[in-house]
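Structure data (mmCIF, C-alpha atoms) from run-v8.cif:
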data_target
loop_
_atom_site.label_atom_id
_atom_site.label_comp_id
_atom_site.auth_asym_id
_atom_site.auth_seq_id
_atom_site.Cartn_x
_atom_site.Cartn_y
_atom_site.Cartn_z
CA MET A 1 93.57 43.33 271.99
CA GLY A 2 96.64 41.21 272.52
CA ASN A 3 99.89 40.75 270.82
CA GLU A 4 101.80 38.70 268.30
CA LYS A 5 104.94 36.79 269.21
CA GLN A 6 107.83 36.58 266.77
CA ILE A 7 108.79 32.95 266.10
CA ASN A 8 111.12 33.50 263.19
CA THR A 9 112.55 36.40 261.21
CA LYS A 10 114.22 36.51 257.82
CA ARG A 11 115.93 39.56 256.35
CA ILE A 12 115.08 39.83 252.66
CA TYR A 13 116.53 43.19 251.64
CA ASP A 14 118.50 46.10 253.12
CA GLY A 15 118.27 49.09 250.83
CA LYS A 16 118.52 52.81 250.36
CA ILE A 17 115.24 54.09 251.79
CA LEU A 18 113.70 50.84 253.00
CA ASN A 19 114.40 47.33 254.24
CA LEU A 20 112.18 44.25 254.07
CA ARG A 21 111.96 41.41 256.56
CA VAL A 22 109.49 38.55 256.78
CA ASP A 23 108.54 37.30 260.22
CA GLU A 24 106.62 34.25 261.32
CA VAL A 25 104.43 35.09 264.31
CA GLU A 26 102.01 33.42 266.67
CA THR A 27 98.85 35.44 267.31
CA SER A 28 97.13 35.73 270.70
CA SER A 29 94.70 33.03 269.54
CA ASN A 30 97.66 30.69 268.80
CA VAL A 31 97.39 30.93 265.03
CA LYS A 32 100.66 31.05 263.10
CA ALA A 33 100.89 33.77 260.47
CA ILE A 34 103.38 35.50 258.17
CA ARG A 35 104.02 39.23 258.62
CA GLU A 36 105.85 41.11 255.89
CA VAL A 37 107.38 44.25 257.38
CA ILE A 38 108.81 47.25 255.54
CA GLU A 39 111.36 49.03 257.72
CA HIS A 40 111.40 52.69 256.77
CA LYS A 41 112.54 55.93 258.38
CA SER A 42 110.01 58.26 259.91
CA ALA A 43 109.10 61.35 257.92
CA VAL A 44 107.71 64.84 258.26
CA GLY A 45 105.21 66.78 256.17
CA VAL A 46 105.00 70.58 256.33
CA LEU A 47 101.97 72.63 255.29
CA ALA A 48 103.49 76.02 254.42
CA VAL A 49 101.15 79.02 254.66
CA THR A 50 102.20 82.41 253.28
CA GLU A 51 101.33 85.87 254.61
CA ASN A 52 99.02 86.54 251.67
CA ASP A 53 96.77 83.54 252.38
CA SER A 54 98.28 81.00 250.04
CA ILE A 55 99.76 77.60 250.61
CA LEU A 56 102.95 76.36 249.00
CA LEU A 57 102.95 72.85 247.54
CA VAL A 58 105.59 70.98 245.57
CA SER A 59 104.98 69.20 242.31
CA GLN A 60 107.12 66.15 241.66
CA PHE A 61 107.15 62.94 239.67
CA ARG A 62 106.59 59.85 241.82
CA TYR A 63 108.09 56.85 240.07
CA ALA A 64 106.39 54.21 242.26
CA VAL A 65 102.95 55.32 241.11
CA GLY A 66 103.97 56.81 237.74
CA ALA A 67 102.44 60.23 238.24
CA ASP A 68 103.21 63.87 238.89
CA MET A 69 101.82 64.84 242.27
CA LEU A 70 101.00 67.96 244.20
CA GLU A 71 102.25 67.45 247.76
CA ILE A 72 103.04 69.35 250.89
CA CYS A 73 106.77 69.74 251.51
CA ALA A 74 108.05 66.48 253.03
CA GLY A 75 111.10 64.36 253.71
CA LEU A 76 112.71 61.65 255.78
CA VAL A 77 114.17 62.19 259.23
CA GLU A 78 117.96 61.88 259.03
CA GLU A 79 120.23 60.42 261.72
CA GLY A 80 120.36 62.70 264.77
CA GLU A 81 117.55 65.02 263.68
CA SER A 82 114.41 65.81 265.64
CA PHE A 83 111.14 65.95 263.68
CA ARG A 84 111.23 69.73 264.01
CA GLN A 85 114.76 69.94 262.61
CA THR A 86 113.76 67.78 259.64
CA ALA A 87 110.79 70.05 258.99
CA GLU A 88 113.00 73.16 259.11
CA ARG A 89 115.57 71.57 256.77
CA GLU A 90 113.05 70.28 254.22
CA LEU A 91 111.24 73.61 254.08
CA GLN A 92 114.52 75.34 253.22
CA GLU A 93 115.56 72.66 250.71
CA GLU A 94 112.25 72.24 248.88
CA LEU A 95 110.64 75.67 249.19
CA GLY A 96 113.44 78.05 250.20
CA PHE A 97 111.94 79.30 253.45
CA TYR A 98 112.66 79.12 257.15
CA PRO A 99 109.52 79.02 259.34
CA GLU A 100 109.42 81.42 262.30
CA VAL A 101 106.29 79.53 263.44
CA LEU A 102 106.21 75.73 263.19
CA GLU A 103 103.51 73.71 264.98
CA GLU A 104 102.87 69.96 264.95
CA PHE A 105 99.23 69.08 264.33
CA SER A 106 99.28 65.32 263.80
CA ARG A 107 101.40 62.19 263.71
CA PHE A 108 100.34 58.85 262.27
CA TYR A 109 101.46 55.64 260.58
CA VAL A 110 100.93 55.75 256.81
CA SER A 111 100.23 52.04 256.35
CA PRO A 112 100.47 50.16 259.66
CA GLY A 113 99.46 46.83 258.14
CA TYR A 114 103.00 46.29 256.83
CA CYS A 115 105.11 49.44 257.19
CA GLU A 116 106.90 51.08 260.12
CA GLU A 117 106.84 54.57 258.63
CA MET A 118 105.36 57.27 260.84
CA ILE A 119 104.86 60.81 259.59
CA VAL A 120 104.65 63.96 261.71
CA LEU A 121 102.67 66.85 260.22
CA PHE A 122 103.51 70.50 260.88
CA ILE A 123 102.02 73.80 259.86
CA ALA A 124 104.59 76.48 259.01
CA LYS A 125 103.91 80.22 259.05
CA ASP A 126 105.85 83.48 259.10
CA LEU A 127 108.15 82.23 256.33
CA LYS A 128 111.54 83.91 255.84
CA PRO A 129 113.60 83.36 252.65
CA SER A 130 116.38 80.83 253.36
CA LYS A 131 117.63 78.29 250.82
CA LEU A 132 119.43 74.98 251.34
CA GLU A 133 120.57 72.68 248.51
CA HIS A 134 118.52 69.52 247.99
CA ASP A 135 119.22 66.01 246.65
CA GLU A 136 120.24 65.98 243.01
CA ASP A 137 117.89 63.11 242.11
CA GLU A 138 114.81 65.04 243.24
CA MET A 139 113.14 67.30 240.66
CA LEU A 140 110.69 69.67 242.30
CA SER A 141 108.75 72.76 241.36
CA THR A 142 106.84 75.00 243.74
CA VAL A 143 103.11 75.63 243.29
CA GLU A 144 101.37 78.48 245.14
CA ILE A 145 97.65 78.04 245.74
CA PRO A 146 95.29 80.61 247.32
CA VAL A 147 93.53 79.24 250.40
CA SER A 148 90.19 80.13 248.76
CA GLU A 149 90.90 77.54 246.05
CA ILE A 150 91.64 74.61 248.40
CA PRO A 151 88.00 73.39 248.66
CA HIS A 152 87.80 73.20 244.86
CA LEU A 153 91.21 71.51 244.68
CA LEU A 154 90.09 68.85 247.17
CA LYS A 155 86.78 68.23 245.39
CA SER A 156 88.42 68.00 241.96
CA GLY A 157 90.43 64.91 242.89
CA ALA A 158 93.70 66.68 242.09
CA ILE A 159 95.20 65.76 245.48
CA ILE A 160 96.07 62.07 245.36
CA ASP A 161 98.80 62.07 248.00
CA GLY A 162 97.51 60.90 251.39
CA LYS A 163 99.46 63.18 253.74
CA THR A 164 98.59 66.18 251.56
CA TRP A 165 94.88 65.37 251.39
CA ALA A 166 94.81 64.87 255.18
CA ALA A 167 96.71 68.10 255.88
CA LEU A 168 94.50 70.20 253.59
CA VAL A 169 91.26 68.76 254.97
CA TRP A 170 92.53 69.47 258.51
CA PHE A 171 93.53 73.01 257.52
CA MET A 172 90.12 73.82 256.02
CA GLY A 173 88.29 72.32 259.05
CA ASN A 174 90.47 74.40 261.34
CA MET A 175 89.76 77.57 259.35
CA ALA A 176 86.02 76.86 259.58
CA ALA A 177 86.25 76.41 263.36
CA SER A 178 88.26 79.58 264.02
CA MET B 1 107.36 67.97 235.76
CA GLY B 2 108.79 65.20 233.65
CA ASN B 3 109.28 61.54 233.96
CA GLU B 4 111.72 58.85 234.92
CA LYS B 5 112.80 56.16 232.48
CA GLN B 6 113.37 52.61 233.68
CA ILE B 7 116.86 51.38 232.73
CA ASN B 8 116.92 48.22 234.80
CA THR B 9 114.62 46.29 237.11
CA LYS B 10 115.33 43.56 239.63
CA ARG B 11 112.69 41.53 241.42
CA ILE B 12 113.70 41.09 245.04
CA TYR B 13 110.66 39.45 246.64
CA ASP B 14 107.21 38.18 245.71
CA GLY B 15 105.13 37.70 248.82
CA LYS B 16 101.76 37.38 250.44
CA ILE B 17 100.55 40.99 250.62
CA LEU B 18 103.44 42.77 248.91
CA ASN B 19 106.27 42.44 246.40
CA LEU B 20 109.51 44.39 246.20
CA ARG B 21 111.43 45.38 243.10
CA VAL B 22 114.40 47.71 242.71
CA ASP B 23 114.63 49.74 239.52
CA GLU B 24 117.42 51.84 238.11
CA VAL B 25 116.00 54.94 236.43
CA GLU B 26 117.17 57.98 234.51
CA THR B 27 115.50 61.21 235.61
CA SER B 28 114.39 63.97 233.23
CA SER B 29 117.65 65.80 234.10
CA ASN B 30 119.67 62.71 233.03
CA VAL B 31 120.65 61.70 236.53
CA LYS B 32 120.69 57.97 237.30
CA ALA B 33 118.91 56.95 240.47
CA ILE B 34 117.67 53.86 242.34
CA ARG B 35 113.93 53.49 242.99
CA GLU B 36 112.76 50.89 245.49
CA VAL B 37 109.13 50.03 244.76
CA ILE B 38 106.68 48.15 246.95
CA GLU B 39 103.99 46.52 244.83
CA HIS B 40 100.82 46.26 246.92
CA LYS B 41 97.12 45.81 246.23
CA SER B 42 94.79 48.75 246.44
CA ALA B 43 92.64 49.02 249.55
CA VAL B 44 89.45 50.54 250.86
CA GLY B 45 88.61 52.23 254.15
CA VAL B 46 85.02 52.57 255.36
CA LEU B 47 83.83 55.11 257.91
CA ALA B 48 80.71 53.49 259.36
CA VAL B 49 78.14 55.85 260.88
CA THR B 50 75.22 54.47 262.93
CA GLU B 51 71.69 55.83 263.20
CA ASN B 52 72.28 57.01 266.76
CA ASP B 53 75.19 59.30 265.81
CA SER B 54 78.08 57.03 266.56
CA ILE B 55 80.92 55.75 264.43
CA LEU B 56 82.14 52.16 264.45
CA LEU B 57 85.88 51.56 264.56
CA VAL B 58 87.90 48.38 264.84
CA SER B 59 90.67 47.80 267.33
CA GLN B 60 93.45 45.49 266.19
CA PHE B 61 97.08 44.70 266.88
CA ARG B 62 99.40 45.88 264.10
CA TYR B 63 102.57 43.82 264.17
CA ALA B 64 104.60 46.10 261.85
CA VAL B 65 104.38 48.97 264.33
CA GLY B 66 103.90 46.91 267.52
CA ALA B 67 100.72 48.59 268.69
CA ASP B 68 96.99 48.16 269.10
CA MET B 69 95.23 50.64 266.87
CA LEU B 70 91.81 52.15 266.46
CA GLU B 71 90.99 52.17 262.75
CA ILE B 72 88.12 52.54 260.36
CA CYS B 73 87.05 49.26 258.78
CA ALA B 74 89.48 48.48 255.95
CA GLY B 75 90.85 45.80 253.69
CA LEU B 76 92.53 44.91 250.43
CA VAL B 77 90.75 44.71 247.09
CA GLU B 78 90.57 41.08 246.00
CA GLU B 79 90.80 39.84 242.39
CA GLY B 80 87.71 40.79 240.42
CA GLU B 81 86.24 43.13 243.04
CA SER B 82 85.31 46.76 242.54
CA PHE B 83 86.24 49.17 245.34
CA ARG B 84 82.58 49.31 246.30
CA GLN B 85 82.32 45.52 246.53
CA THR B 86 85.42 45.39 248.75
CA ALA B 87 83.89 48.03 251.01
CA GLU B 88 80.63 46.06 251.28
CA ARG B 89 82.49 42.81 252.02
CA GLU B 90 84.84 44.28 254.62
CA LEU B 91 82.01 46.03 256.44
CA GLN B 92 80.20 42.70 256.76
CA GLU B 93 83.35 40.80 257.77
CA GLU B 94 84.77 43.27 260.27
CA LEU B 95 81.68 44.99 261.67
CA GLY B 96 78.75 42.75 260.70
CA PHE B 97 76.75 45.30 258.70
CA TYR B 98 75.67 45.88 255.12
CA PRO B 99 75.52 49.56 254.13
CA GLU B 100 72.36 50.73 252.34
CA VAL B 101 74.22 54.01 251.68
CA LEU B 102 77.87 53.90 250.62
CA GLU B 103 79.59 56.99 249.21
CA GLU B 104 83.21 57.48 248.14
CA PHE B 105 84.73 60.68 249.54
CA SER B 106 88.43 60.35 248.72
CA ARG B 107 91.11 58.25 247.09
CA PHE B 108 94.83 58.67 247.56
CA TYR B 109 98.23 56.96 247.61
CA VAL B 110 99.37 56.19 251.17
CA SER B 111 103.10 56.61 250.52
CA PRO B 112 103.80 57.45 246.88
CA GLY B 113 107.54 57.80 247.41
CA TYR B 114 107.99 54.02 247.29
CA CYS B 115 104.62 52.23 247.39
CA GLU B 116 101.92 51.58 244.79
CA GLU B 117 99.10 51.22 247.32
CA MET B 118 96.08 53.42 246.73
CA ILE B 119 93.21 53.56 249.20
CA VAL B 120 89.63 54.56 248.44
CA LEU B 121 87.65 55.99 251.36
CA PHE B 122 83.89 55.52 251.75
CA ILE B 123 81.30 56.67 254.24
CA ALA B 124 78.69 54.02 255.09
CA LYS B 125 75.25 54.78 256.54
CA ASP B 126 71.92 53.04 257.01
CA LEU B 127 73.64 49.92 258.32
CA LYS B 128 71.73 46.60 258.26
CA PRO B 129 72.96 43.58 260.28
CA SER B 130 74.73 41.15 257.93
CA LYS B 131 77.74 39.05 258.92
CA LEU B 132 80.45 37.45 256.79
CA GLU B 133 83.33 35.36 258.16
CA HIS B 134 86.76 37.00 258.18
CA ASP B 135 90.38 35.82 257.97
CA GLU B 136 91.40 33.64 260.87
CA ASP B 137 94.71 35.46 261.44
CA GLU B 138 92.96 38.79 262.05
CA MET B 139 91.87 39.54 265.63
CA LEU B 140 89.46 42.46 265.73
CA SER B 141 87.12 44.03 268.20
CA THR B 142 84.52 46.70 267.46
CA VAL B 143 84.58 50.05 269.24
CA GLU B 144 81.57 52.40 269.08
CA ILE B 145 82.31 56.10 269.58
CA PRO B 146 79.73 58.90 269.77
CA VAL B 147 80.29 61.57 267.12
CA SER B 148 80.43 64.18 269.91
CA GLU B 149 83.62 62.52 271.22
CA ILE B 150 85.52 62.55 267.91
CA PRO B 151 87.10 66.02 268.40
CA HIS B 152 88.49 64.93 271.77
CA LEU B 153 89.67 61.60 270.30
CA LEU B 154 91.55 63.44 267.53
CA LYS B 155 93.14 65.94 269.94
CA SER B 156 94.19 63.21 272.39
CA GLY B 157 96.54 61.57 269.89
CA ALA B 158 94.67 58.26 270.18
CA ILE B 159 94.26 57.99 266.40
CA ILE B 160 97.65 57.03 264.99
CA ASP B 161 96.46 55.36 261.79
CA GLY B 162 96.70 57.69 258.79
CA LYS B 163 93.55 56.72 256.86
CA THR B 164 91.52 56.88 260.09
CA TRP B 165 92.85 60.28 261.11
CA ALA B 166 92.15 61.63 257.61
CA ALA B 167 88.63 60.15 257.48
CA LEU B 168 87.67 61.50 260.92
CA VAL B 169 89.04 64.98 260.21
CA TRP B 170 87.11 65.01 256.92
CA PHE B 171 83.94 63.83 258.68
CA MET B 172 84.11 66.54 261.35
CA GLY B 173 84.84 69.25 258.74
CA ASN B 174 81.86 68.05 256.73
CA MET B 175 79.61 68.13 259.80
CA ALA B 176 80.72 71.70 260.53
CA ALA B 177 79.98 72.75 256.95
CA SER B 178 76.51 71.19 256.82
#
Show how you would write the structure in this file as structure tokens.
Amino acid sequence: MGNEKQINTKRIYDGKILNLRVDEVETSSNVKAIREVIEHKSAVGVLAVTENDSILLVSQFRYAVGADMLEICAGLVEEGESFRQTAERELQEELGFYPEVLEEFSRFYVSPGYCEEMIVLFIAKDLKPSKLEHDEDEMLSTVEIPVSEIPHLLKSGAIIDGKTWAALVWFMGNMAAS
Amino acid sequence: MGNEKQINTKRIYDGKILNLRVDEVETSSNVKAIREVIEHKSAVGVLAVTENDSILLVSQFRYAVGADMLEICAGLVEEGESFRQTAERELQEELGFYPEVLEEFSRFYVSPGYCEEMIVLFIAKDLKPSKLEHDEDEMLSTVEIPVSEIPHLLKSGAIIDGKTWAALVWFMGNMAAS
């Protein structure tokens, strides 16, 4: 499809979890355009499945959208970590388990029109109790949901977080196929 | 789960497709924290299904992530539009069809940790030729993919756009269930 050539770049903001730069580009059809780019770390999401056929979600307040949300366990990849290591750490911090089985099932960009963030999704099984401390400005509670209730949960509109909706739809499709 | 109270807010950038503000908040456990918030319009994504069991995707270069991507038809909600009207307009602009059948199947936040953007997903069927002009700085080409090839496409890792991966996984799960 072509490419876009950077003509100019301006750093607007360097922050805590994101940076913003604004680039001027020339498209492959020689049109000049402005591209606003959010620089953001990659992330992982972990769908945790228990031995008694439940999934573990976290409930947390999301300030940017002003709502409490049910989400799969998730977090940003820290310096020097592999995606797998981030997944193992976040599962211990947010849910208090170490996964004996941890398999990647997808990776995608959350909003490629303006944001660099990629997320890698894992499914975690064979969970062993193991707790790590988490960030003091994160308030989380754990919610356990039987797998049999996921279809209703999806239909009800209660899942309004993208990675969580995608992971649960994948999980149910996978169950149907197996 | 609680709430977070805004103590301070600072506007950093007001742009073309997004704004950035940085707020200081007090969490429900009385901890002060910084919240970086991307203000961004809501969007729609449209999974277009043809009469001969194919889906129509668009291929486009995404500057923020430096890659060509296969995506469902999508775009931002303009002033005064309903989600449905945006879906109808984008389908005509990007793919050249008007949908006689257009059904919402999900809505979610793409990255609620820092971004306001919500996307509403539709499935479009019974497509009638109808073309509207689109933005001159968007370079798109249409890609038609037989439904039978979607499972392979998903497994191959070729779909790296979040809304598209989610929509295709939902579509295949729905096919299996029906």
Write out chain B, as a CSV table (one decimal) with C-alpha atoms, in the frame of the given file, after superposing it onto chain A by least squares using every C-alpha atom paired in order.
chain,number,residue,atom,x,y,z
B,1,MET,CA,93.6,43.3,272.0
B,2,GLY,CA,96.6,41.2,272.5
B,3,ASN,CA,99.9,40.7,270.8
B,4,GLU,CA,101.8,38.7,268.3
B,5,LYS,CA,104.9,36.8,269.2
B,6,GLN,CA,107.8,36.6,266.8
B,7,ILE,CA,108.8,32.9,266.1
B,8,ASN,CA,111.1,33.5,263.2
B,9,THR,CA,112.5,36.4,261.2
B,10,LYS,CA,114.2,36.5,257.8
B,11,ARG,CA,115.9,39.6,256.3
B,12,ILE,CA,115.1,39.8,252.7
B,13,TYR,CA,116.5,43.2,251.6
B,14,ASP,CA,118.5,46.1,253.1
B,15,GLY,CA,118.3,49.1,250.8
B,16,LYS,CA,118.5,52.8,250.3
B,17,ILE,CA,115.2,54.1,251.8
B,18,LEU,CA,113.7,50.8,253.0
B,19,ASN,CA,114.4,47.3,254.2
B,20,LEU,CA,112.2,44.2,254.1
B,21,ARG,CA,112.0,41.4,256.6
B,22,VAL,CA,109.5,38.5,256.8
B,23,ASP,CA,108.5,37.3,260.2
B,24,GLU,CA,106.6,34.2,261.3
B,25,VAL,CA,104.4,35.1,264.3
B,26,GLU,CA,102.0,33.4,266.7
B,27,THR,CA,98.8,35.4,267.3
B,28,SER,CA,97.1,35.7,270.7
B,29,SER,CA,94.7,33.0,269.5
B,30,ASN,CA,97.7,30.7,268.8
B,31,VAL,CA,97.4,30.9,265.1
B,32,LYS,CA,100.7,31.1,263.1
B,33,ALA,CA,100.9,33.8,260.5
B,34,ILE,CA,103.4,35.5,258.2
B,35,ARG,CA,104.0,39.2,258.6
B,36,GLU,CA,105.8,41.1,255.9
B,37,VAL,CA,107.4,44.3,257.4
B,38,ILE,CA,108.8,47.3,255.6
B,39,GLU,CA,111.4,49.0,257.7
B,40,HIS,CA,111.4,52.7,256.8
B,41,LYS,CA,112.5,55.9,258.4
B,42,SER,CA,110.0,58.3,259.9
B,43,ALA,CA,109.1,61.4,257.9
B,44,VAL,CA,107.7,64.8,258.2
B,45,GLY,CA,105.2,66.8,256.2
B,46,VAL,CA,105.0,70.6,256.3
B,47,LEU,CA,102.0,72.6,255.3
B,48,ALA,CA,103.5,76.0,254.4
B,49,VAL,CA,101.1,79.0,254.7
B,50,THR,CA,102.2,82.4,253.3
B,51,GLU,CA,101.3,85.9,254.6
B,52,ASN,CA,99.0,86.5,251.7
B,53,ASP,CA,96.8,83.5,252.4
B,54,SER,CA,98.3,81.0,250.0
B,55,ILE,CA,99.8,77.6,250.6
B,56,LEU,CA,103.0,76.4,249.0
B,57,LEU,CA,103.0,72.9,247.5
B,58,VAL,CA,105.6,71.0,245.6
B,59,SER,CA,105.0,69.2,242.3
B,60,GLN,CA,107.1,66.1,241.7
B,61,PHE,CA,107.2,62.9,239.7
B,62,ARG,CA,106.6,59.9,241.8
B,63,TYR,CA,108.1,56.8,240.1
B,64,ALA,CA,106.4,54.2,242.3
B,65,VAL,CA,102.9,55.3,241.1
B,66,GLY,CA,103.9,56.8,237.7
B,67,ALA,CA,102.4,60.2,238.3
B,68,ASP,CA,103.2,63.9,238.9
B,69,MET,CA,101.8,64.8,242.3
B,70,LEU,CA,101.0,67.9,244.2
B,71,GLU,CA,102.3,67.5,247.8
B,72,ILE,CA,103.1,69.4,250.9
B,73,CYS,CA,106.8,69.7,251.5
B,74,ALA,CA,108.1,66.5,253.0
B,75,GLY,CA,111.1,64.4,253.7
B,76,LEU,CA,112.7,61.7,255.8
B,77,VAL,CA,114.2,62.2,259.2
B,78,GLU,CA,118.0,61.9,259.0
B,79,GLU,CA,120.2,60.4,261.7
B,80,GLY,CA,120.4,62.7,264.8
B,81,GLU,CA,117.6,65.0,263.7
B,82,SER,CA,114.4,65.8,265.6
B,83,PHE,CA,111.2,66.0,263.7
B,84,ARG,CA,111.2,69.7,264.0
B,85,GLN,CA,114.8,70.0,262.6
B,86,THR,CA,113.8,67.8,259.6
B,87,ALA,CA,110.8,70.1,259.0
B,88,GLU,CA,113.0,73.2,259.1
B,89,ARG,CA,115.6,71.6,256.8
B,90,GLU,CA,113.1,70.3,254.2
B,91,LEU,CA,111.2,73.6,254.1
B,92,GLN,CA,114.5,75.3,253.2
B,93,GLU,CA,115.6,72.7,250.7
B,94,GLU,CA,112.3,72.2,248.9
B,95,LEU,CA,110.6,75.7,249.2
B,96,GLY,CA,113.4,78.0,250.2
B,97,PHE,CA,111.9,79.3,253.5
B,98,TYR,CA,112.7,79.1,257.2
B,99,PRO,CA,109.5,79.0,259.3
B,100,GLU,CA,109.4,81.4,262.3
B,101,VAL,CA,106.3,79.5,263.4
B,102,LEU,CA,106.2,75.7,263.2
B,103,GLU,CA,103.5,73.7,265.0
B,104,GLU,CA,102.9,70.0,265.0
B,105,PHE,CA,99.2,69.1,264.3
B,106,SER,CA,99.3,65.3,263.8
B,107,ARG,CA,101.4,62.2,263.7
B,108,PHE,CA,100.4,58.9,262.3
B,109,TYR,CA,101.5,55.6,260.6
B,110,VAL,CA,100.9,55.8,256.8
B,111,SER,CA,100.2,52.0,256.4
B,112,PRO,CA,100.5,50.2,259.7
B,113,GLY,CA,99.5,46.8,258.2
B,114,TYR,CA,103.0,46.3,256.8
B,115,CYS,CA,105.1,49.4,257.2
B,116,GLU,CA,106.9,51.1,260.1
B,117,GLU,CA,106.8,54.6,258.6
B,118,MET,CA,105.4,57.3,260.8
B,119,ILE,CA,104.9,60.8,259.6
B,120,VAL,CA,104.7,64.0,261.7
B,121,LEU,CA,102.7,66.8,260.2
B,122,PHE,CA,103.5,70.5,260.9
B,123,ILE,CA,102.0,73.8,259.9
B,124,ALA,CA,104.6,76.5,259.0
B,125,LYS,CA,103.9,80.2,259.1
B,126,ASP,CA,105.9,83.5,259.1
B,127,LEU,CA,108.1,82.2,256.3
B,128,LYS,CA,111.5,83.9,255.9
B,129,PRO,CA,113.6,83.4,252.7
B,130,SER,CA,116.4,80.8,253.4
B,131,LYS,CA,117.6,78.3,250.8
B,132,LEU,CA,119.4,75.0,251.3
B,133,GLU,CA,120.5,72.7,248.5
B,134,HIS,CA,118.5,69.5,248.0
B,135,ASP,CA,119.2,66.0,246.7
B,136,GLU,CA,120.2,66.0,243.0
B,137,ASP,CA,117.9,63.1,242.1
B,138,GLU,CA,114.8,65.0,243.2
B,139,MET,CA,113.1,67.3,240.7
B,140,LEU,CA,110.7,69.7,242.3
B,141,SER,CA,108.8,72.7,241.4
B,142,THR,CA,106.8,75.0,243.7
B,143,VAL,CA,103.1,75.6,243.3
B,144,GLU,CA,101.4,78.5,245.2
B,145,ILE,CA,97.6,78.0,245.7
B,146,PRO,CA,95.3,80.6,247.3
B,147,VAL,CA,93.5,79.2,250.4
B,148,SER,CA,90.2,80.1,248.8
B,149,GLU,CA,90.9,77.5,246.1
B,150,ILE,CA,91.6,74.6,248.4
B,151,PRO,CA,88.0,73.4,248.7
B,152,HIS,CA,87.8,73.2,244.9
B,153,LEU,CA,91.2,71.5,244.7
B,154,LEU,CA,90.1,68.8,247.2
B,155,LYS,CA,86.8,68.2,245.4
B,156,SER,CA,88.4,68.0,242.0
B,157,GLY,CA,90.4,64.9,242.9
B,158,ALA,CA,93.7,66.7,242.1
B,159,ILE,CA,95.2,65.8,245.5
B,160,ILE,CA,96.1,62.1,245.4
B,161,ASP,CA,98.8,62.1,248.0
B,162,GLY,CA,97.5,60.9,251.4
B,163,LYS,CA,99.5,63.2,253.7
B,164,THR,CA,98.6,66.2,251.6
B,165,TRP,CA,94.9,65.4,251.4
B,166,ALA,CA,94.8,64.9,255.2
B,167,ALA,CA,96.7,68.1,255.9
B,168,LEU,CA,94.5,70.2,253.6
B,169,VAL,CA,91.3,68.8,255.0
B,170,TRP,CA,92.5,69.5,258.5
B,171,PHE,CA,93.5,73.0,257.5
B,172,MET,CA,90.1,73.8,256.0
B,173,GLY,CA,88.3,72.3,259.0
B,174,ASN,CA,90.5,74.4,261.3
B,175,MET,CA,89.7,77.6,259.3
B,176,ALA,CA,86.0,76.9,259.6
B,177,ALA,CA,86.2,76.4,263.3
B,178,SER,CA,88.2,79.6,264.0
Taking the file as I've supplied it (selection: the PyMOL selection byres ((chain B) within 7 of (chain A))), which residues are included? Please answer as a compact mmCIF listing (two decimals) with C-alpha atoms, keeping the file's coordinate frame.
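Now in expr.txt:
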# COMPACT_ATOMS: atom_id res chain seq x y z
CA MET B 1 107.36 67.97 235.76
CA GLY B 2 108.79 65.20 233.65
CA ASN B 3 109.28 61.54 233.96
CA GLU B 4 111.72 58.85 234.92
CA VAL B 31 120.65 61.70 236.53
CA ALA B 33 118.91 56.95 240.47
CA VAL B 37 109.13 50.03 244.76
CA GLN B 60 93.45 45.49 266.19
CA PHE B 61 97.08 44.70 266.88
CA ARG B 62 99.40 45.88 264.10
CA TYR B 63 102.57 43.82 264.17
CA ALA B 64 104.60 46.10 261.85
CA VAL B 65 104.38 48.97 264.33
CA ASP B 68 96.99 48.16 269.10
CA ARG B 107 91.11 58.25 247.09
CA PHE B 108 94.83 58.67 247.56
CA TYR B 109 98.23 56.96 247.61
CA VAL B 110 99.37 56.19 251.17
CA SER B 111 103.10 56.61 250.52
CA PRO B 112 103.80 57.45 246.88
CA GLY B 113 107.54 57.80 247.41
CA TYR B 114 107.99 54.02 247.29
CA CYS B 115 104.62 52.23 247.39
CA GLU B 116 101.92 51.58 244.79
CA ASP B 137 94.71 35.46 261.44
CA ILE B 160 97.65 57.03 264.99
CA ASP B 161 96.46 55.36 261.79
CA GLY B 162 96.70 57.69 258.79
CA ALA B 166 92.15 61.63 257.61
CA VAL B 169 89.04 64.98 260.21
CA TRP B 170 87.11 65.01 256.92
CA GLY B 173 84.84 69.25 258.74
Residues near segment 45-50 of chain A, cut-off 10 Å, all atoms listed in the file, skip fewer than 4 positions along chain, as a ChimeraX atom specification | /A:54-57,71-76,83-84,86-88,90-91,95,97,99,102-107,119-128,144-147,163-164,167-168,171
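You will find atom CA of Ser130 of chain B at 10.5 Å from atom CA of Glu94 of chain B.
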Once you add 8 Å to each side, what are the centre and edge lengths of the axis-aligned box holding all listed atoms of segment 68-76 of chain B? One decimal in Å, as AutoDock Vina command-line options, if you can.
--center_x 92.0 --center_y 48.7 --center_z 259.8 --size_x 25.9 --size_y 23.6 --size_z 34.7
By how many Å are atom CA of Val77 of chain B and atom CA of Val44 of chain B apart?
->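 About the pair atom CA of Val77 of chain B and atom CA of Val44 of chain B: they are 7.1 Å apart.
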Can you turn the PyMOL selection byres ((chain B and resi 10) around 6) into a concrete residue list for this file, as an NGL selection string?
-> :B and (9 or 11 or 21-22)
In Å and to one decimal, atom CA of Gln85 of chain A is distant from atom CA of Leu70 of chain A by 23.1 Å
